[in-house]
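In what follows, a single structure is set out as structure tokens and then discussed.
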Amino acid sequence: MIRVALLIASLPVPLAERERPQQAPAQQEEQQRPVDEIIVVSASRREEELRYAPATMTVVTDAGIGNAPGPVVTDLMRAVPGVNVSQTSARDVNVTPRAATGTLSDSLLVLLDGRSIYQDFFGAVMWDFLPIQPEEIKQIEVIRSPASAVWGANAMSGVVNVISKPPREMRGTSIGIRFGQFDRTPIDQPYDGGGLFSVDLMHAAAVSDRFAYKISAGFLTQEAFLRPSGTIDGTATPYPDFANKGTTQPRLDARVDYDMADRRRSLVLAGGIAATEGILHSGLGPLDIHRGSTFKYGRIAYTDGQLKVRGFVNALDGEARAVLIKSDTGQDLDLSFENQAYDIELSNLHLVGDRHVVSYGGNYRYNNFDLSLAPRGSTRNEGGAYAQDEIILSERLRWIVGVRLDAFDVLSKAVVSPRTTLLMKPRAGHTMRLSYNRAFRAPSFVNSYLETSFRTTANVPSAGPFEFEVVAVGNDRLEEEALTAYEGAYVITAGPVTATAAAYLNQTSNAIQFTQTASYSSSAPPPGWPLAPAVLDEWIAEGHGLPSEFSYLNFDRITDRGFELSGEIRVSANVSARANYSWQDEPEARGFSASELNVPPRHRFNGAVSAARGRYFGSLSAGFVDSAFWQDVQPEYTGNTAAYTIVDGAFGVHSSDRLMTVTLRGNNLLNRRIQQHVFGDVIRRSITGEFRVRF
């Protein structure tokens, strides 16, 4: 009987049923949910209590989003232990857990309500293609350990699942306006301020007790940040002078929920479009994404008890221009990107006997590509299936075992991703987690089929700038990038206090890196070479030959290790505080030079306090990020960023009927000159005001 009760406890009330509020949103108090009441869906692809999840997770709730100094999803990731975030332009942000981030970070799977926004063609996430506002988010689930055992490819370093509120929870109409200014003053120059403005509109209604809908629209425009000047610290390499760009991002999103008469079955239809423009940084240097570049999606989800059948289509249509390099004819290098991804998936859950919770599922995805950078290919097929068993050994001991099998037509063999986790509860309020995972990242379409030539410039000693041609080609024989992860974690919940400690060891094999694969030599110098041809051979002998070709290669092994400490305390019903510390060792490279790798910050610290009293609310946070090393833009733009401390704050007030809210937010209040990537923009203080009204 104990085991039966424990099995039932493993199946919490589904989110869809928990999301039916008894009163309108404007009448609800903004309070953080206790940890033991948080339900997550990302760790096992089914509803379960956070304390029983087989992966190390952080959950950002709607109350935490509303009170945050920076409510943008990527800003919220900065407060998560072990997660590295780098912003390089007004629109370009990259996020990676437990490893160095960089331009076009490729190992984190990002989902919106379970739908991937990971871009298969580039192998990266464009966060501005999330088509919803922070006010529409119920919670953000961050898995900071491998999750390929249920999610398949590209969930190698973790998963971020943004879960939106259902229409019933947002009933009414709201309008929000945000405006502000940020400092972008160069050193020893008169003040220069950049502006930002956004407006959003949302309407949701429950037409009956079975039918509800939501439609929302938004528009954001922001000017460019300050570009760094002078030379890269510790080098003689000057920062290039180019016209930096801001960003404009319109969006539209809609959702319809329908509950069947039996209350067991439901149907969700959703669709939307998001557009962007601005600077995206890559291995080819900055790319200027043209206005009108769009990402459209459609999603359908059918639920029958624990059975879920879902499908979606993502359609990308974008154009860009390379900023620093020219085509092989000396003209602008213009790029076009078209990608349609079609995905269908199924998942289910069964109780087997008196001690097994068995979940299983699978998906098939078809991609169609039309990329000017990769003309040698046009399609890709992939699919996989998984199964997981949560075994209730006793009241204090659970064992989770699972495995997934994936096949790609660009890989020579199927990929197996196993998982096993032992959950022990030595005493009430204490949970110990020991886990082993294998995860992988499949080569992106550009990794496999890149084919382009371009002209670039190098500063040649005693000769000055020299323009020459370089070839960039993909590698269709790449193997999957694989990660083996070992982790131990301990969680203590004692009344209002929750403390977590986690240590991990990650070993990556066959890491896919864009690297120089050939150099010009005296036997084949570039046309117009201004020095003696023998100089080219000398440079090759010194390990920095003039590049003639770049490609993608599998590198032997990378070892990452670290630990994380975090704590939260609910001081009172309306006051809470949190702090966390992350230590990441310098990556160890085997079989290749460590200079091919970015190096993450060794130390990171975050602390915050938030409070609400009556109509007033506010928060104050501080973070420290250690120095980091970067080498992923172009060979000459390599170096370290300085450690920095950032202080943010927010203060707001509701009207007496809570239908109107005014919020003032400040980021980088100390106005430090922060550069989060060696080639990225300089980000200084910003102050924004927000006015929101509900009807």
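Residue numbering restarts at 1 in every chain; chains get A, B, ... in the order shown in the structure tokens, and ligands count up from 1 in that same order.
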Closest contacts (range 392-505 of chain A/range 364-377 of chain A, max 6 Å, only C-alpha atoms) as a tab-separated table:
residue	atom	partner	partner_atom	distance
A:Tyr449	CA	A:Ala374	CA	5.0
A:Leu450	CA	A:Ala374	CA	4.3
A:Glu451	CA	A:Ala374	CA	5.4
Selection from above, N, CA, C and O atoms, as a compact mmCIF listing (two decimals), in the first residue's frame, can you write it?
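Final output, saved to again_36.txt:
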# COMPACT_ATOMS: atom_id res chain seq x y z
N TYR A 449 27.32 21.24 -44.54
CA TYR A 449 27.26 21.60 -45.96
C TYR A 449 27.69 23.03 -46.27
O TYR A 449 27.46 23.51 -47.38
N LEU A 450 28.33 23.71 -45.32
CA LEU A 450 28.84 25.06 -45.59
C LEU A 450 29.73 25.05 -46.83
O LEU A 450 30.57 24.16 -47.02
N GLU A 451 29.56 26.07 -47.68
CA GLU A 451 30.42 26.20 -48.86
C GLU A 451 30.37 27.65 -49.34
O GLU A 451 29.41 28.07 -49.98
**Request:** Once DSSP has gone over the backbone, tell me which residues of range 204-283 of chain A are in strand (DSSP E or B), as a ChimeraX atom specification.
**Result:** /A:204-206,211-222,226,231,238,247-259,265-282
**Request:** Show which residues sit within 7 Å of Asp389 in chain A, as number ranges by chain. Count only C-alpha atoms, and ignore same-chain residues fewer than 4 positions away.
**Result:** A: 356-359, 400-402
Go ahead and save the picked residues with N, CA and C atoms, as a compact mmCIF listing (two decimals), in the first residue's frame.
# COMPACT_ATOMS: atom_id res chain seq x y z
N HIS A 356 6.20 1.01 -10.41
CA HIS A 356 6.83 1.53 -11.62
C HIS A 356 5.96 2.63 -12.24
N VAL A 357 6.60 3.76 -12.55
CA VAL A 357 5.99 4.82 -13.36
C VAL A 357 6.75 4.83 -14.68
N VAL A 358 6.14 4.28 -15.71
CA VAL A 358 6.81 4.12 -17.00
C VAL A 358 6.30 5.18 -17.98
N SER A 359 7.20 5.97 -18.51
CA SER A 359 6.86 6.96 -19.52
C SER A 359 7.64 6.65 -20.79
N ILE A 400 15.60 6.09 -11.20
CA ILE A 400 15.10 6.44 -12.53
C ILE A 400 16.09 5.92 -13.56
N VAL A 401 15.61 5.15 -14.51
CA VAL A 401 16.44 4.65 -15.60
C VAL A 401 15.71 4.95 -16.90
N GLY A 402 16.46 5.38 -17.90
CA GLY A 402 15.85 5.70 -19.18
C GLY A 402 16.87 5.66 -20.30
**Request:** Determine, counting only C-alpha atoms, which protein, DNA and RNA residues have an atom within 9 Å of an atom of Val160 in chain A; residues of the same chain fewer than 6 positions away are not included. Present the result as number ranges by chain.
**Result:** A: 42, 108-112, 140-144
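Each of A:Val471, A:Ile687, A:Ala301, A:Ala55 was compared to Leu664 in chain A using only C-alpha atoms, and A:Ile687 turns out to be the nearest.
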Counting only C-alpha atoms, what is within 12 Å of Ser572 in chain A, bar same-chain residues fewer than 6 positions away, as a compact mmCIF listing (two decimals) with N, CA, C and O atoms, in the first residue's frame?
# COMPACT_ATOMS: atom_id res chain seq x y z
N GLN A 31 2.82 36.09 -5.14
CA GLN A 31 3.62 35.41 -4.15
C GLN A 31 4.36 34.24 -4.79
O GLN A 31 3.82 33.57 -5.66
N GLN A 32 5.59 34.02 -4.34
CA GLN A 32 6.35 32.87 -4.82
C GLN A 32 5.73 31.59 -4.29
O GLN A 32 5.31 31.51 -3.14
N GLY A 495 11.56 24.38 6.36
CA GLY A 495 10.66 25.52 6.53
C GLY A 495 10.81 26.48 5.36
O GLY A 495 10.65 26.10 4.20
N PRO A 496 11.16 27.74 5.64
CA PRO A 496 11.25 28.73 4.56
C PRO A 496 12.58 28.72 3.81
O PRO A 496 12.79 29.53 2.92
N VAL A 497 13.49 27.81 4.18
CA VAL A 497 14.83 27.81 3.60
C VAL A 497 15.02 26.60 2.68
O VAL A 497 14.66 25.47 3.04
N VAL A 609 17.28 40.23 -3.34
CA VAL A 609 16.21 40.28 -2.37
C VAL A 609 15.02 40.95 -3.04
O VAL A 609 15.16 41.88 -3.82
N SER A 610 13.83 40.41 -2.80
CA SER A 610 12.61 41.00 -3.35
C SER A 610 11.58 41.12 -2.23
O SER A 610 11.57 40.32 -1.29
N ALA A 611 10.74 42.14 -2.35
CA ALA A 611 9.77 42.41 -1.29
C ALA A 611 8.52 43.02 -1.89
O ALA A 611 8.55 43.66 -2.96
N ALA A 612 7.41 42.80 -1.22
CA ALA A 612 6.14 43.40 -1.61
C ALA A 612 5.37 43.74 -0.34
O ALA A 612 5.36 42.96 0.61
N ARG A 613 4.76 44.91 -0.34
CA ARG A 613 3.94 45.32 0.81
C ARG A 613 2.78 46.15 0.29
O ARG A 613 3.00 47.24 -0.26
